[in-house]
Structure formats: C-alpha cells, structure tokens
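Read through the structure below, which is laid out as structure tokens, and then see the notes.
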Amino acid sequence: MTQIQRIVLAKRPVGDVTADCFRNETATLAALADGQILIRSRFLSLDPYMRPRMTELRSYTPPFELDKPLTGGSVGEVVESRNPRFAKGDIVMGMLDWATHTLHDGKGLRKIDASGIPLSAHLGVLGMPSFTAWYGMKHICKPKAGETVFVSAATGAVGQVAGQLAKLAGAKVVGCAGDEQKCQWAVREAGYDACFNHKTERDYGAVLDKLCPQGIDADFENVGGKIFHAVFERLNNFGRVAFCGAISEYQDKEPMAGPPKMFTIVQRRLNLQGFIVSDHAALMGDFVNEVGGLVKAGKLKSRETVVDGLTAAPQAFMGLLKGENFGKLVVKV
C-alpha cells in the first residue's frame, strides 16, 4: 500500500477554469498486481488542450471523469515493478496522474535517457510540444524558401519550435505573443523576422498587412479567434493552415463563429488541416532524429517555466490559459 497526494476534477468549468474545479486529496494505492509498476512523478506537463477535456463529454480525446485524477504527459521514476519491461530506477515518460505516484500497467510508456539534458526537456523541446511543431510544419505547412509563415503563440511550448523550424526551411517567419518580452525573445533568440504583441495591438489586420505585405503562405495556428480570422483573410493561393489549437476560445461559454466568406477556401485552394499529434506516433523516431540533432547542434532554442509542487498545478494551469507562462510549462512534483 502506498499513500499519495493527487489532484482530481471536482467540477466541470463553465467559462473560465476556477480553483474550485480542482480538489487536492490523499489516497491509498493498492499493492501492485502482476504486470503493474509504481511510478513516482518527477515532472508534470501542463497543456492547454486539457481545457476541452475538462468540459466536453463527447470529444476526440476521452474527457476527464469527475472525482478522478487529472492526467497529463509526465516524466517519472519507477520505484517498484512487477512488469518485466521495467525495472526499479527506470525513468519513463507517458500519461500519468496529477499525483505524487501513479499505478500503471506500462502501456504507452517509454524509457528515456536521464543523462545529458534536464528531465523536463523531454516534456518540451524533446517531447510532445516539439513533436507537434515538427509534424505540423513538416507535413502540413511545408514552408519553402521565400514564403511567409505565421505562427500564433510564437513563444509557447509548440510555437517557439514551429517558428524556428520554418526559419530553418528558409521562410520569412512572423508571429504574435502576449507581451513585449516574449516578442523580443522570439526575434532575438528564436530568429523570427517579426513578432507583435496581440494584447496591445488593436487592429490585427493592419499589423499583419504591415509585417506580411506579400500575404501569408502558411499558418501554424495555436490561438484561433480574431487572430486566426485576420490571418485567414490574408492567406495566399494554395495557403496551408496547420490547426493545432485555439487557446483564445477555450474559455468561451459559447462557441465563436468561424471566419466570414468561407468560400475563400475554394477560391484560393486552401488546405486547412486540424491535427492531434498522437495520431502520428509512428513518426516519433523521425522526429527524435531530426529535432534531437538540431538541439544537440545548438540550432534550436527553447524556454520553459518550472513551477514547484503538485499543489501549485491548478493555479499554474489557470495561468497557462491566460498566457502567463513563457515557453513550456511544467510542474516539478
């Protein structure tokens, strides 16, 4: 028997996620059965996509259950094992509970090399966010030299990598972020050609016309809402949109209407593709080889925000939905 601390979904949010949607509780895990392992959490990943799972009862990804632990991508250490694939001391990554410990059958977990780079990097620049950026850019946006690529949430966990990959492909890259410091980092460190503050700019169309005078050939979309509407109007013929997220809409009580004049999709022969990177897990090896090499060569930069303590996760998650993090947000358990 192991006593643990965990955070469960206490109620489904309506509009903004609030503190009373979470409950911190103590629980006791049963003894391990054959095939199970006990994992002590080391780092917990916070992801905006968790917001729809807290609310929607019918969605692509199964919703969180009330009074059950929230789950997310995590790195942890095996502290006990009755599974021949894992030994005590192994460092693993996968979907674990928001808890100090998780009892797991081992399915979907992969061992990682704990030497050389911080464990948290496996949840960011070498993990799912970076894999998402790589897939969306390489397989949907397909930037070419001389084209213009737009990346919303330019310094988020996904956007910071997406923009750099587009730049490495030879494209002009323009982004937006939620404050001046983030915009400055995007240009000075991540190599963006320009980045605007979407919280201070009042006319998204005007600023896009200024920064993207030749229109937009590819859009890596993380934000949705009015920013996407402005981008959509400026997509060139044969433009591509990798629709990764819509964080500006996750807290809306009522769904936002799409851009006007949807016939533009036909007139300009656009390709708008929504995607969830878990559908493409077979390509993880290709991603690790390519992006891992860029990281080791110092050609790919990243930022992360680390929050201490499991009990801080709910507040950190609420801040994530408001853009308070810089880069990948992880909780050190």
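Letters A, B, ... go to the chains of the structure tokens in the order shown; residues in each chain start at 1; ligands are counted from 1 in the same order.
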
Running DSSP on the backbone, which parts of range 63-268 of chain A land in helix (DSSP H, G or I), as number ranges by chain? A: 119-123, 128-141, 159-168, 180-188, 204-211, 225-233, 247-249, 264-267

Skip Cys195 in chain A itself and residues of its chain fewer than 6 positions away, then list as an MDAnalysis selection string all residues within 7 Å of it, counting only C-alpha atoms. chainID A and resid 174:176 183 186:187

Can I get the selected residues back with N, CA, C and O atoms, as an mmCIF file, in the first residue's frame?
```cif
data_model
loop_
_atom_site.group_PDB
_atom_site.id
_atom_site.type_symbol
_atom_site.label_atom_id
_atom_site.label_comp_id
_atom_site.auth_asym_id
_atom_site.auth_seq_id
_atom_site.Cartn_x
_atom_site.Cartn_y
_atom_site.Cartn_z
ATOM 1 N N VAL A 174 6.752 35.290 -39.129
ATOM 2 C CA VAL A 174 6.127 36.336 -38.317
ATOM 3 C C VAL A 174 5.257 35.656 -37.277
ATOM 4 O O VAL A 174 4.606 34.648 -37.568
ATOM 5 N N GLY A 175 5.262 36.198 -36.059
ATOM 6 C CA GLY A 175 4.462 35.591 -35.005
ATOM 7 C C GLY A 175 3.779 36.625 -34.143
ATOM 8 O O GLY A 175 3.933 37.837 -34.341
ATOM 9 N N CYS A 176 3.018 36.147 -33.174
ATOM 10 C CA CYS A 176 2.445 37.012 -32.152
ATOM 11 C C CYS A 176 2.593 36.333 -30.799
ATOM 12 O O CYS A 176 2.664 35.106 -30.703
ATOM 13 N N CYS A 183 7.872 38.778 -27.281
ATOM 14 C CA CYS A 183 8.114 39.169 -28.674
ATOM 15 C C CYS A 183 9.588 39.433 -28.939
ATOM 16 O O CYS A 183 10.130 39.046 -29.984
ATOM 17 N N ALA A 186 11.391 36.147 -29.191
ATOM 18 C CA ALA A 186 11.091 35.483 -30.459
ATOM 19 C C ALA A 186 12.003 35.984 -31.577
ATOM 20 O O ALA A 186 12.504 35.202 -32.388
ATOM 21 N N VAL A 187 12.244 37.291 -31.613
ATOM 22 C CA VAL A 187 13.074 37.870 -32.673
ATOM 23 C C VAL A 187 14.563 37.676 -32.392
ATOM 24 O O VAL A 187 15.317 37.222 -33.264
#
```

Which residues come within 6 Å of range 241-257 of chain A, counting only C-alpha atoms, excluding same-chain residues fewer than 5 positions away, as a list in words? Gly15, Asp16, Gly136, Ile140, Ala218, Asp219, Phe220, Glu221, Asn222, Val223, Gly224, Leu272, Gln273 and Gly274 of chain A

Distance CA of Met128 in chain A-CA of Pro63 in chain A, one decimal place? 19.2 Å

Find the residues near Pro48 in chain A: any atom within 8 Å, counting only C-alpha atoms, skip ones fewer than 2 places away on the same chain, and give them as a PyMOL selection string. chain A and resi 46+50-51+247+317+320-321

For Lys172 in chain A, the nearest of the candidates A:Ala157, A:Val8, A:Met1, A:Ala194, counting only C-alpha atoms: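 Among A:Ala157, A:Val8, A:Met1, A:Ala194, it is A:Ala194 that comes nearest to Lys172 in chain A.
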
Counting only C-alpha atoms, the residue of A:Val306, A:Ala87, A:Val207, A:Ile216 that sits nearest Gly146 in chain A: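 Looking only at the distances to Gly146 in chain A, the closest residue turns out to be A:Ile216.
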
Interface rows for range 64-86 of chain A against range 92-98 of chain A: nearest pair, Å to one decimal, 9 Å, only C-alpha atoms, as a tab-separated table:
```
residue	atom	partner	partner_atom	distance
A:Pro69	CA	A:Asp97	CA	5.9
A:Leu70	CA	A:Trp98	CA	5.4
A:Thr71	CA	A:Asp97	CA	4.3
A:Gly72	CA	A:Met95	CA	5.1
A:Gly73	CA	A:Met95	CA	4.5
A:Ser74	CA	A:Gly94	CA	5.6
A:Val75	CA	A:Met93	CA	4.5
A:Gly76	CA	A:Val92	CA	5.5
A:Glu77	CA	A:Val92	CA	6.2
A:Val78	CA	A:Val92	CA	7.3
```

Could you check which of A:Asn289, A:Thr132, A:Asn237, A:Thr100 is closest to Asp217 in chain A, using only C-alpha atoms?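 Of all the options, A:Asn237 lies closest to Asp217 in chain A.
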
Contact residues around Asp105 in chain A with only C-alpha atoms at 9 Å, ignoring same-chain residues under 2 positions, as a PyMOL selection string: chain A and resi 34-38+83+103+107-109

What residues in range 31-92 of chain A get the DSSP label strand (DSSP E or B)? Please answer as a list in words.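 Answer for range 31-92 of chain A restricted to strand (DSSP E or B) is Ile37, Leu38, Ile39, Arg40, Ser41, Arg42, Phe43, Leu44, Ser45, Leu66, Pro69, Thr71, Gly72, Gly73, Ser74, Val75, Gly76, Glu77, Val78, Val79, Glu80, Ser81, Ile91 and Val92 of chain A.
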
Dump as a Markdown table the rows for residues of range 258-324 of chain A within 12 Å of range 226-231 of chain A: closest atom pair and distance in Å with one decimal, only C-alpha atoms counted, ordered by chain and rising residue number.
```
| residue | atom | partner | partner_atom | distance |
| --- | --- | --- | --- | --- |
| A:Gly258 | CA | A:His229 | CA | 7.5 |
| A:Pro259 | CA | A:His229 | CA | 5.2 |
| A:Pro260 | CA | A:His229 | CA | 8.0 |
| A:Lys261 | CA | A:His229 | CA | 10.5 |
| A:Met262 | CA | A:His229 | CA | 10.6 |
| A:Thr264 | CA | A:His229 | CA | 11.9 |
| A:Leu272 | CA | A:Phe228 | CA | 11.8 |
```

Between CA of Gln164 in chain A and CA of Gly191 in chain A - distance in Å to one decimal: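 Pair CA of Gly191 in chain A / CA of Gln164 in chain A returns 6.6 Å.
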